[in-house]
>>> print(open('run.txt').read())   # compact mmCIF, C-alpha atoms and all ligand atoms
# COMPACT_ATOMS: atom_id res chain seq x y z
CA MET A 711 -69.82 -50.40 52.00
CA THR A 712 -67.93 -49.39 48.90
CA GLY A 713 -66.13 -46.20 47.86
CA LEU A 714 -62.98 -44.44 48.93
CA LYS A 715 -62.23 -44.47 52.66
CA ALA A 716 -61.60 -41.05 54.24
CA ALA A 717 -60.22 -40.36 57.71
CA VAL A 718 -59.94 -37.12 59.69
CA ILE A 719 -56.92 -36.63 61.97
CA GLY A 720 -57.50 -33.83 64.48
CA CYS A 721 -61.13 -33.33 65.57
CA GLY A 722 -61.01 -29.68 66.67
CA ASP A 723 -62.60 -26.48 65.39
CA VAL A 724 -61.99 -26.70 61.63
CA SER A 725 -62.67 -30.44 61.38
CA THR A 726 -66.41 -29.63 61.19
CA VAL A 727 -66.11 -28.31 57.62
CA HIS A 728 -64.10 -31.38 56.59
CA PHE A 729 -66.71 -33.74 58.07
CA GLU A 730 -69.47 -31.79 56.26
CA ALA A 731 -67.59 -31.90 52.94
CA ILE A 732 -66.85 -35.65 53.23
CA ALA A 733 -70.54 -36.35 53.92
CA LYS A 734 -71.46 -34.67 50.61
CA LEU A 735 -68.96 -36.61 48.46
CA ASP A 736 -70.11 -39.19 45.94
CA GLY A 737 -67.95 -42.32 46.02
CA ALA A 738 -66.27 -41.67 49.36
CA ARG A 739 -67.23 -42.09 53.01
CA LEU A 740 -65.82 -41.29 56.42
CA ALA A 741 -64.18 -44.49 57.75
CA ALA A 742 -62.38 -43.35 60.93
CA VAL A 743 -61.27 -40.43 63.07
CA CYS A 744 -58.18 -39.76 65.16
CA ASP A 745 -57.38 -37.34 67.98
CA THR A 746 -54.79 -37.46 70.75
CA ASP A 747 -57.26 -35.76 73.11
CA PRO A 748 -59.53 -38.51 74.55
CA ALA A 749 -62.54 -36.17 75.04
CA ARG A 750 -62.39 -34.84 71.45
CA LEU A 751 -61.91 -38.38 70.13
CA ALA A 752 -64.92 -39.66 72.09
CA ALA A 753 -67.07 -36.74 70.88
CA ALA A 754 -66.12 -37.35 67.23
CA THR A 755 -66.67 -41.13 67.31
CA ALA A 756 -70.08 -40.53 68.90
CA ALA A 757 -71.03 -37.78 66.43
CA TYR A 758 -69.95 -39.59 63.27
CA GLY A 759 -70.41 -43.26 64.23
CA VAL A 760 -67.00 -44.47 63.02
CA PRO A 761 -64.04 -46.06 64.81
CA GLY A 762 -61.68 -43.67 66.63
CA PHE A 763 -57.92 -43.93 67.18
CA PRO A 764 -55.58 -41.96 69.46
CA ASP A 765 -52.69 -42.44 67.02
CA HIS A 766 -52.64 -41.86 63.24
CA LEU A 767 -50.31 -44.79 62.49
CA ARG A 768 -52.69 -47.20 64.25
CA LEU A 769 -55.57 -45.74 62.23
CA ILE A 770 -53.70 -46.21 58.92
CA GLU A 771 -52.78 -49.79 59.82
CA ALA A 772 -56.27 -50.79 60.94
CA ILE A 773 -58.40 -48.96 58.37
CA GLY A 774 -56.22 -48.54 55.26
CA PRO A 775 -57.70 -45.13 54.32
CA ASP A 776 -57.43 -43.77 50.77
CA VAL A 777 -57.43 -40.11 51.86
CA VAL A 778 -56.50 -38.61 55.22
CA HIS A 779 -57.58 -35.07 56.18
CA ILE A 780 -55.01 -33.52 58.54
CA THR A 781 -56.65 -30.86 60.73
CA THR A 782 -54.17 -30.75 63.61
CA PRO A 783 -52.05 -27.90 65.02
CA HIS A 784 -49.38 -26.68 62.56
CA ASN A 785 -46.47 -28.50 64.17
CA LYS A 786 -48.05 -31.90 63.41
CA HIS A 787 -48.91 -31.26 59.72
CA ALA A 788 -45.65 -32.40 58.15
CA SER A 789 -44.88 -35.42 60.32
CA ILE A 790 -48.38 -36.91 59.89
CA ALA A 791 -48.52 -36.08 56.17
CA VAL A 792 -45.11 -37.70 55.55
CA ASP A 793 -46.26 -40.85 57.39
CA CYS A 794 -49.34 -40.98 55.12
CA LEU A 795 -47.53 -40.27 51.84
CA ASP A 796 -44.78 -42.81 52.65
CA ARG A 797 -47.55 -45.42 52.98
CA GLY A 798 -49.24 -44.45 49.69
CA VAL A 799 -52.12 -42.64 51.43
CA SER A 800 -53.27 -39.35 49.85
CA VAL A 801 -53.50 -36.27 52.05
CA ILE A 802 -55.55 -33.09 52.37
CA VAL A 803 -53.66 -31.01 54.90
CA GLU A 804 -54.84 -27.73 56.39
CA LYS A 805 -52.71 -24.63 55.83
CA PRO A 806 -49.94 -23.74 56.44
CA LEU A 807 -47.89 -26.51 54.80
CA ALA A 808 -45.82 -26.89 57.98
CA HIS A 809 -44.72 -24.90 61.04
CA THR A 810 -41.10 -24.58 59.85
CA LEU A 811 -39.36 -24.30 56.47
CA ALA A 812 -37.36 -27.47 57.19
CA GLU A 813 -40.53 -29.49 57.86
CA GLY A 814 -42.22 -27.97 54.80
CA ASN A 815 -39.27 -29.01 52.67
CA ARG A 816 -39.26 -32.54 54.14
CA LEU A 817 -42.96 -32.84 53.29
CA ALA A 818 -42.45 -31.53 49.74
CA GLU A 819 -39.71 -34.16 49.19
CA ALA A 820 -41.95 -36.94 50.55
CA ALA A 821 -44.74 -35.80 48.22
CA LYS A 822 -42.42 -35.92 45.20
CA ALA A 823 -41.37 -39.49 46.06
CA SER A 824 -44.91 -40.76 46.79
CA SER A 825 -47.42 -42.46 44.50
CA ALA A 826 -50.14 -40.67 46.50
CA LYS A 827 -51.28 -37.03 46.18
CA ILE A 828 -51.36 -34.03 48.48
CA ALA A 829 -53.63 -30.97 48.61
CA VAL A 830 -53.07 -28.02 50.96
CA CYS A 831 -56.23 -26.17 52.06
CA PHE A 832 -55.89 -22.81 50.37
CA GLN A 833 -59.60 -23.00 49.67
CA ASN A 834 -59.94 -19.28 48.91
CA ARG A 835 -58.41 -19.94 45.49
CA TYR A 836 -61.78 -21.62 44.73
CA ASN A 837 -63.80 -18.50 45.63
CA ALA A 838 -65.80 -17.20 42.64
CA THR A 839 -64.01 -13.84 43.01
CA SER A 840 -60.50 -15.41 43.09
CA GLN A 841 -61.27 -17.55 40.05
CA ALA A 842 -62.60 -14.49 38.18
CA MET A 843 -59.51 -12.42 39.08
CA HIS A 844 -57.16 -15.20 37.98
CA ALA A 845 -58.99 -15.71 34.68
CA LEU A 846 -59.00 -11.97 33.89
CA LEU A 847 -55.36 -11.40 34.80
CA SER A 848 -54.09 -14.42 32.89
CA SER A 849 -56.21 -13.67 29.78
CA GLY A 850 -53.92 -10.75 28.85
CA GLU A 851 -57.04 -8.59 28.38
CA LEU A 852 -56.04 -6.23 31.23
CA GLY A 853 -52.43 -5.67 30.16
CA ALA A 854 -49.53 -5.89 32.61
CA ILE A 855 -50.06 -5.85 36.39
CA VAL A 856 -48.71 -2.59 37.82
CA GLY A 857 -49.12 -3.24 41.54
CA ALA A 858 -51.36 -4.47 44.36
CA SER A 859 -52.34 -3.86 47.96
CA ALA A 860 -54.01 -6.04 50.58
CA THR A 861 -55.30 -5.58 54.11
CA VAL A 862 -56.50 -8.18 56.61
CA LEU A 863 -58.21 -6.31 59.48
CA TRP A 864 -59.43 -9.06 61.78
CA HIS A 865 -60.34 -9.57 65.42
CA ARG A 866 -58.95 -12.20 67.77
CA ASP A 867 -58.88 -11.87 71.55
CA ALA A 868 -56.99 -13.52 74.38
CA ASP A 869 -59.71 -16.18 74.80
CA TYR A 870 -59.12 -17.40 71.23
CA TYR A 871 -55.53 -18.19 72.24
CA ARG A 872 -56.29 -19.38 75.79
CA SER A 873 -58.72 -21.98 74.40
CA ARG A 874 -55.99 -23.41 72.09
CA PRO A 875 -52.58 -22.48 73.57
CA TRP A 876 -50.65 -23.90 70.55
CA ARG A 877 -51.92 -21.00 68.43
CA GLY A 878 -49.95 -18.43 70.43
CA THR A 879 -46.56 -20.22 70.37
CA TRP A 880 -43.66 -20.53 67.93
CA GLU A 881 -43.41 -24.24 68.75
CA GLY A 882 -47.08 -25.06 68.08
CA GLY A 883 -48.04 -22.55 65.39
CA GLY A 884 -44.69 -21.62 63.84
CA GLY A 885 -45.99 -18.03 64.00
CA GLY A 886 -49.21 -16.17 64.73
CA LEU A 887 -51.35 -13.89 62.55
CA MET A 888 -49.34 -14.60 59.38
CA MET A 889 -49.24 -18.40 59.76
CA ASN A 890 -52.81 -18.84 60.98
CA GLN A 891 -54.91 -16.10 59.33
CA ALA A 892 -53.16 -13.84 56.81
CA ILE A 893 -51.39 -16.68 54.96
CA HIS A 894 -54.58 -17.11 52.89
CA THR A 895 -54.23 -13.54 51.56
CA VAL A 896 -50.47 -13.97 51.06
CA ASP A 897 -51.23 -17.07 49.00
CA LEU A 898 -53.81 -15.21 46.87
CA LEU A 899 -51.46 -12.26 46.39
CA GLN A 900 -48.60 -14.39 45.07
CA TRP A 901 -50.92 -16.62 42.99
CA LEU A 902 -52.68 -13.65 41.35
CA VAL A 903 -49.88 -11.06 41.07
CA GLY A 904 -46.90 -13.40 40.58
CA GLU A 905 -43.91 -14.93 42.34
CA VAL A 906 -42.43 -12.75 45.11
CA VAL A 907 -38.71 -12.21 44.47
CA SER A 908 -37.90 -9.89 47.40
CA LEU A 909 -39.66 -8.22 50.31
CA SER A 910 -39.13 -5.90 53.22
CA GLY A 911 -41.40 -6.56 56.19
CA ASN A 912 -42.00 -6.35 59.90
CA ALA A 913 -43.99 -8.55 62.25
CA SER A 914 -44.70 -7.48 65.84
CA THR A 915 -46.92 -8.10 68.85
CA ARG A 916 -48.87 -4.91 69.46
CA PHE A 917 -51.72 -5.79 71.81
CA LEU A 918 -51.76 -9.48 72.85
CA GLY A 919 -48.23 -9.52 74.27
CA ASP A 920 -49.38 -10.70 77.70
CA THR A 921 -51.05 -13.77 76.14
CA ILE A 922 -49.03 -14.85 73.07
CA GLU A 923 -45.36 -14.99 72.09
CA VAL A 924 -46.06 -14.77 68.33
CA GLU A 925 -47.05 -11.72 66.23
CA ASP A 926 -50.50 -10.10 66.02
CA THR A 927 -49.67 -7.34 63.47
CA THR A 928 -47.56 -7.35 60.27
CA GLU A 929 -46.72 -5.18 57.26
CA PHE A 930 -44.58 -5.78 54.19
CA VAL A 931 -43.77 -4.42 50.73
CA ALA A 932 -42.96 -7.07 48.09
CA LEU A 933 -41.46 -7.03 44.62
CA HIS A 934 -42.91 -9.60 42.22
CA ALA A 935 -41.03 -11.31 39.36
CA ASN A 936 -43.04 -9.33 36.75
CA GLY A 937 -41.92 -6.00 38.27
CA ALA A 938 -45.19 -5.31 40.13
CA ARG A 939 -44.95 -4.07 43.71
CA SER A 940 -47.44 -4.89 46.46
CA ALA A 941 -48.14 -3.38 49.88
CA PHE A 942 -49.63 -5.52 52.66
CA TYR A 943 -50.97 -4.81 56.15
CA ALA A 944 -52.60 -7.25 58.57
CA THR A 945 -53.64 -7.09 62.21
CA LEU A 946 -55.80 -8.96 64.69
CA ALA A 947 -56.45 -5.73 66.65
CA ASN A 948 -59.49 -4.69 64.60
CA ALA A 949 -62.87 -4.57 66.37
CA VAL A 950 -64.47 -6.94 63.83
CA ASN A 951 -63.48 -9.40 61.09
CA ALA A 952 -63.67 -7.00 58.12
CA PRO A 953 -63.77 -8.46 54.61
CA VAL A 954 -60.24 -9.00 53.25
CA ALA A 955 -59.42 -6.08 50.93
CA LEU A 956 -57.31 -6.87 47.86
CA ASP A 957 -56.75 -4.36 45.07
CA ILE A 958 -54.83 -5.24 41.91
CA VAL A 959 -54.02 -2.45 39.47
CA ALA A 960 -53.40 -3.52 35.87
CA GLU A 961 -52.80 -1.30 32.82
CA LYS A 962 -56.41 -1.54 31.63
CA ALA A 963 -58.44 -2.18 34.80
CA THR A 964 -58.43 -2.19 38.60
CA LEU A 965 -59.69 -5.28 40.45
CA SER A 966 -61.09 -4.52 43.87
CA LEU A 967 -62.07 -7.33 46.26
CA ARG A 968 -64.28 -6.55 49.31
CA GLY A 969 -66.29 -9.76 49.65
CA ASP A 970 -67.59 -9.23 46.09
CA LEU A 971 -65.22 -8.27 43.27
CA THR A 972 -65.53 -4.97 41.39
CA VAL A 973 -63.69 -4.64 38.08
CA THR A 974 -63.31 -1.04 36.91
CA TYR A 975 -62.01 -0.81 33.33
CA ALA A 976 -60.01 2.15 32.04
CA ASP A 977 -62.78 2.81 29.49
CA GLY A 978 -65.29 3.37 32.32
CA ARG A 979 -67.07 -0.01 32.32
CA VAL A 980 -67.71 -1.51 35.76
CA GLU A 981 -68.47 -5.20 36.41
CA VAL A 982 -69.31 -6.87 39.72
CA VAL A 983 -68.62 -10.55 40.45
CA PRO A 984 -70.57 -11.62 43.56
CA GLU A 985 -69.07 -14.13 45.98
CA ARG A 986 -71.07 -17.28 46.74
CA VAL A 987 -72.88 -17.46 50.05
CA VAL A 988 -73.03 -20.98 51.47
CA GLU A 989 -74.59 -22.17 54.71
CA SER A 990 -72.19 -24.39 56.63
CA GLY A 991 -71.11 -25.14 60.18
CA GLY A 992 -67.88 -23.23 59.52
CA ARG A 993 -67.14 -19.66 60.59
CA ALA A 994 -67.85 -16.90 58.04
CA TYR A 995 -64.19 -15.80 57.87
CA TRP A 996 -63.14 -19.34 56.76
CA GLY A 997 -64.82 -18.54 53.43
CA VAL A 998 -67.17 -20.65 51.36
CA SER A 999 -64.85 -22.91 49.43
CA HIS A 1000 -63.50 -25.77 51.60
CA GLU A 1001 -66.13 -28.05 50.09
CA LEU A 1002 -65.11 -27.11 46.53
CA LEU A 1003 -61.44 -27.82 47.13
CA ILE A 1004 -62.17 -31.13 48.85
CA SER A 1005 -64.58 -32.43 46.18
CA ASP A 1006 -62.19 -31.32 43.40
CA PHE A 1007 -59.31 -33.20 45.07
CA TYR A 1008 -61.31 -36.44 45.27
CA ALA A 1009 -62.52 -36.04 41.66
CA ARG A 1010 -58.93 -35.59 40.44
CA LEU A 1011 -57.41 -38.50 42.38
CA PRO A 1012 -57.45 -40.82 39.31
CA GLU A 1013 -55.65 -38.20 37.16
CA ALA A 1014 -51.91 -38.45 36.56
CA GLY A 1015 -49.69 -35.77 38.10
CA PRO A 1016 -49.92 -33.64 41.24
CA PHE A 1017 -52.98 -31.74 42.48
CA TRP A 1018 -52.73 -28.07 41.54
CA ILE A 1019 -52.45 -26.76 45.14
CA ASP A 1020 -49.80 -29.20 46.34
CA SER A 1021 -46.83 -28.92 48.71
CA ALA A 1022 -44.70 -27.09 46.13
CA GLU A 1023 -47.47 -24.45 45.72
CA ALA A 1024 -47.98 -24.13 49.48
CA GLU A 1025 -44.25 -23.69 50.11
CA LYS A 1026 -44.44 -20.31 48.32
CA SER A 1027 -46.56 -18.57 50.98
CA LEU A 1028 -44.64 -20.35 53.78
CA ARG A 1029 -41.36 -18.91 52.40
CA ILE A 1030 -42.84 -15.38 52.28
CA VAL A 1031 -44.07 -15.55 55.88
CA LYS A 1032 -40.80 -17.01 57.15
CA GLU A 1033 -38.81 -14.29 55.33
CA ILE A 1034 -40.83 -11.64 57.22
CA TYR A 1035 -40.03 -13.43 60.51
CA ARG A 1036 -36.34 -13.72 59.56
CA GLN A 1037 -36.22 -9.92 59.10
CA SER A 1038 -38.30 -9.18 62.22
CA TYR A 1039 -36.69 -11.48 64.78
CA PRO A 1040 -32.94 -11.62 64.02
CA GLU A 1041 -32.25 -12.80 67.58
CA LEU A 1042 -34.69 -15.74 67.23
CA THR A 1043 -33.59 -17.16 63.86
CA GLU A 1044 -33.71 -20.82 64.93
CA LEU A 1045 -37.12 -20.50 66.61
CA VAL A 1046 -38.97 -18.60 63.86
CA SER A 1047 -37.64 -20.33 60.72
N1 LIG A 1101 -58.42 -23.24 55.88
C1 LIG A 1101 -59.01 -22.51 56.84
O1 LIG A 1101 -59.75 -21.55 56.55
C2 LIG A 1101 -58.80 -22.86 58.28
C3 LIG A 1101 -59.66 -22.37 59.28
C4 LIG A 1101 -59.40 -22.73 60.60
C5 LIG A 1101 -58.30 -23.54 60.92
N2 LIG A 1101 -57.50 -23.97 59.91
C6 LIG A 1101 -56.32 -24.84 60.20
O2 LIG A 1101 -56.81 -26.08 60.70
C7 LIG A 1101 -55.84 -26.64 61.60
C8 LIG A 1101 -56.52 -26.94 62.92
O3 LIG A 1101 -56.99 -25.73 63.49
P1 LIG A 1101 -58.12 -25.74 64.63
O4 LIG A 1101 -58.39 -24.34 64.91
O5 LIG A 1101 -59.21 -26.66 64.22
O6 LIG A 1101 -57.29 -26.40 65.84
P2 LIG A 1101 -57.88 -27.14 67.13
O7 LIG A 1101 -56.84 -27.00 68.18
O8 LIG A 1101 -59.27 -26.70 67.41
O9 LIG A 1101 -57.95 -28.67 66.65
C9 LIG A 1101 -56.79 -29.46 66.46
C10 LIG A 1101 -57.08 -30.87 66.96
O10 LIG A 1101 -55.97 -31.70 66.64
C11 LIG A 1101 -55.76 -32.60 67.76
N3 LIG A 1101 -54.38 -33.12 67.70
C12 LIG A 1101 -53.24 -32.53 68.13
N4 LIG A 1101 -52.18 -33.31 67.85
C13 LIG A 1101 -52.67 -34.42 67.24
C14 LIG A 1101 -52.08 -35.58 66.70
N5 LIG A 1101 -50.74 -35.78 66.74
N6 LIG A 1101 -52.87 -36.53 66.16
C15 LIG A 1101 -54.22 -36.36 66.12
N7 LIG A 1101 -54.86 -35.26 66.60
C16 LIG A 1101 -54.07 -34.30 67.15
C17 LIG A 1101 -56.08 -31.74 68.96
O11 LIG A 1101 -56.34 -32.53 70.11
C18 LIG A 1101 -57.30 -30.97 68.47
O12 LIG A 1101 -58.52 -31.65 68.74
C19 LIG A 1101 -54.71 -25.62 61.66
O13 LIG A 1101 -53.74 -25.97 60.71
C20 LIG A 1101 -55.38 -24.32 61.27
O14 LIG A 1101 -54.47 -23.36 60.71
C21 LIG A 1101 -57.73 -23.66 58.62
>>> encode(input="run.txt", output="structure tokens", more="lines below")
Ligand SMILES: NC(=O)c1ccc[n+]([C@@H]2O[C@H](COP(=O)([O-])OP(=O)(O)OC[C@H]3O[C@@H](n4cnc5c(N)ncnc54)[C@H](O)[C@@H]3O)[C@@H](O)[C@H]2O)c1
Amino acid sequence: MTGLKAAVIGCGDVSTVHFEAIAKLDGARLAAVCDTDPARLAAATAAYGVPGFPDHLRLIEAIGPDVVHITTPHNKHASIAVDCLDRGVSVIVEKPLAHTLAEGNRLAEAAKASSAKIAVCFQNRYNATSQAMHALLSSGELGAIVGASATVLWHRDADYYRSRPWRGTWEGGGGGLMMNQAIHTVDLLQWLVGEVVSLSGNASTRFLGDTIEVEDTTEFVALHANGARSAFYATLANAVNAPVALDIVAEKATLSLRGDLTVTYADGRVEVVPERVVESGGRAYWGVSHELLISDFYARLPEAGPFWIDSAEAEKSLRIVKEIYRQSYPELTELVS
């Protein structure tokens, strides 16, 4: 068989969308899987009919993959990605970049020194609505950005954490709601509105305190480099997973995201940009764009230079989240950074 060899490391919940996306690629094929959990490894080797390894270094040695998809808990992202990049193997790593700032920085340095490429799965940047917002805001047509607001009103219960204990711990997840769910909206906010230069925020555990040690609710106000101010609120205490709400107010229009995007111009015109609806094995709140990011990464592998959502890009949202933790948990500085 010819084509690029792909491998998936971590065969848990989100791996399904990576397996689906790899199966649809032209010029690449799944060559191996890896999981430290014997039952998950056995299930994946049976489902996908490829060799399985309990250790990523043994997989790299035996298979020589071109691209490795890292879909493990957060505290394994950086160490596995650095091992791949040091061996010239390209990486698609799930968000966040890493569970700590130090590990994120180590990964960014390894990426700079490597001949291989890295993508971080901020797939929502590929949503039709995100692309439309970015194009409109950077065209200059709307004038300066005045400010923004975002809310993430989602639902997670104790069972979500009991089924995967790493998600509720500082050691495994590096944080809770902000690191696992709301970081997508933080990434969009800083990509669309501009670099965050300062913020005042608070993270707290409001309703899952008997199950998790990390936060389930957060708010912050941020100042962006262009002078715009944004207000942000996120919680996992909502009864349902409501569509992420993101409003960006510019001089000549307001952009309002609620699944679809509504653009209301100052002169009274209103335009609606619908979001794509795609059938996949993934959960609805993961969005529709994993496949787009993954196929774009493979298509751009032969190009010179880094992929556009690389470790340096992903460090921006990690820094914002860790700054909120630094302000919220002064007594836990070592643990939360
Ligand atoms: N982009 C998105 O929309 C999105 C959605 C869901 C999850 N995620 C991310 O995907 C990642 C995985 O999340 P999940 O919910 O699928 O977790 P999960 O716990 O269901 O799966 C993780 C798997 O990794 C395995 N694993 C742990 N350590 C390993 C190691 N050293 N080597 C190989 N395998 C190892 C575990 O045994 C498990 O099977 C996280 O980073 C999460 O934030 C992203």
>>> residues_near_ligand(input="run.txt", ligand="ligand LIG 1101 (chain A)", cutoff="7 Å", atoms="only C-alpha atoms and all ligand atoms", output="compact mmCIF listing (two decimals) with C-alpha atoms, keeping the file's coordinate frame")
# COMPACT_ATOMS: atom_id res chain seq x y z
CA ILE A 719 -56.92 -36.63 61.97
CA GLY A 720 -57.50 -33.83 64.48
CA CYS A 721 -61.13 -33.33 65.57
CA GLY A 722 -61.01 -29.68 66.67
CA ASP A 723 -62.60 -26.48 65.39
CA VAL A 724 -61.99 -26.70 61.63
CA SER A 725 -62.67 -30.44 61.38
CA CYS A 744 -58.18 -39.76 65.16
CA ASP A 745 -57.38 -37.34 67.98
CA THR A 746 -54.79 -37.46 70.75
CA ASP A 747 -57.26 -35.76 73.11
CA ARG A 750 -62.39 -34.84 71.45
CA PRO A 764 -55.58 -41.96 69.46
CA ASP A 765 -52.69 -42.44 67.02
CA HIS A 766 -52.64 -41.86 63.24
CA THR A 781 -56.65 -30.86 60.73
CA THR A 782 -54.17 -30.75 63.61
CA PRO A 783 -52.05 -27.90 65.02
CA HIS A 784 -49.38 -26.68 62.56
CA LYS A 786 -48.05 -31.90 63.41
CA GLU A 804 -54.84 -27.73 56.39
CA LYS A 805 -52.71 -24.63 55.83
CA PRO A 806 -49.94 -23.74 56.44
CA CYS A 831 -56.23 -26.17 52.06
CA PHE A 832 -55.89 -22.81 50.37
CA GLN A 833 -59.60 -23.00 49.67
CA ARG A 874 -55.99 -23.41 72.09
CA ASN A 890 -52.81 -18.84 60.98
CA TRP A 996 -63.14 -19.34 56.76
CA GLY A 997 -64.82 -18.54 53.43
>>> closest_residue(input="run.txt", among="A:Ile922, A:Leu735, A:Ala749, A:Leu887", to="A:Arg872", atoms="only C-alpha atoms")
A:Ile922
>>> closest_atom_pairs(input="run.txt", of="stretch 734-832 of chain A", to="stretch 1015-1021 of chain A", cutoff="9 Å", atoms="all atoms listed in the file", output="JSON lines")
{"residue": "A:Leu807", "atom": "CA", "partner": "A:Ser1021", "partner_atom": "CA", "distance": 6.6}
{"residue": "A:Gly814", "atom": "CA", "partner": "A:Ser1021", "partner_atom": "CA", "distance": 7.7}
{"residue": "A:Asn815", "atom": "CA", "partner": "A:Ser1021", "partner_atom": "CA", "distance": 8.5}
{"residue": "A:Leu817", "atom": "CA", "partner": "A:Ser1021", "partner_atom": "CA", "distance": 7.2}
{"residue": "A:Ala818", "atom": "CA", "partner": "A:Ser1021", "partner_atom": "CA", "distance": 5.2}
{"residue": "A:Glu819", "atom": "CA", "partner": "A:Ser1021", "partner_atom": "CA", "distance": 8.9}
{"residue": "A:Ala821", "atom": "CA", "partner": "A:Ser1021", "partner_atom": "CA", "distance": 7.2}
{"residue": "A:Lys822", "atom": "CA", "partner": "A:Pro1016", "partner_atom": "CA", "distance": 8.8}
{"residue": "A:Ala826", "atom": "CA", "partner": "A:Pro1016", "partner_atom": "CA", "distance": 8.8}
{"residue": "A:Lys827", "atom": "CA", "partner": "A:Pro1016", "partner_atom": "CA", "distance": 6.1}
{"residue": "A:Ile828", "atom": "CA", "partner": "A:Asp1020", "partner_atom": "CA", "distance": 5.5}
{"residue": "A:Ala829", "atom": "CA", "partner": "A:Asp1020", "partner_atom": "CA", "distance": 4.8}
{"residue": "A:Val830", "atom": "CA", "partner": "A:Asp1020", "partner_atom": "CA", "distance": 5.8}
{"residue": "A:Cys831", "atom": "CA", "partner": "A:Ile1019", "partner_atom": "CA", "distance": 7.9}
{"residue": "A:Phe832", "atom": "CA", "partner": "A:Ile1019", "partner_atom": "CA", "distance": 7.4}
>>> residues_around(input="run.txt", residues="A:Ile1034", least_positions_apart="5", cutoff="10 Å", atoms="all atoms listed in the file", output="ChimeraX atom specification")
/A:888,909-913,928-930,1029,1039,1046-1047
>>> closest_residue(input="run.txt", among="A:Val987, A:Val801, A:Ala808, A:Leu1028", to="A:Gln900", atoms="all atoms listed in the file")
A:Leu1028
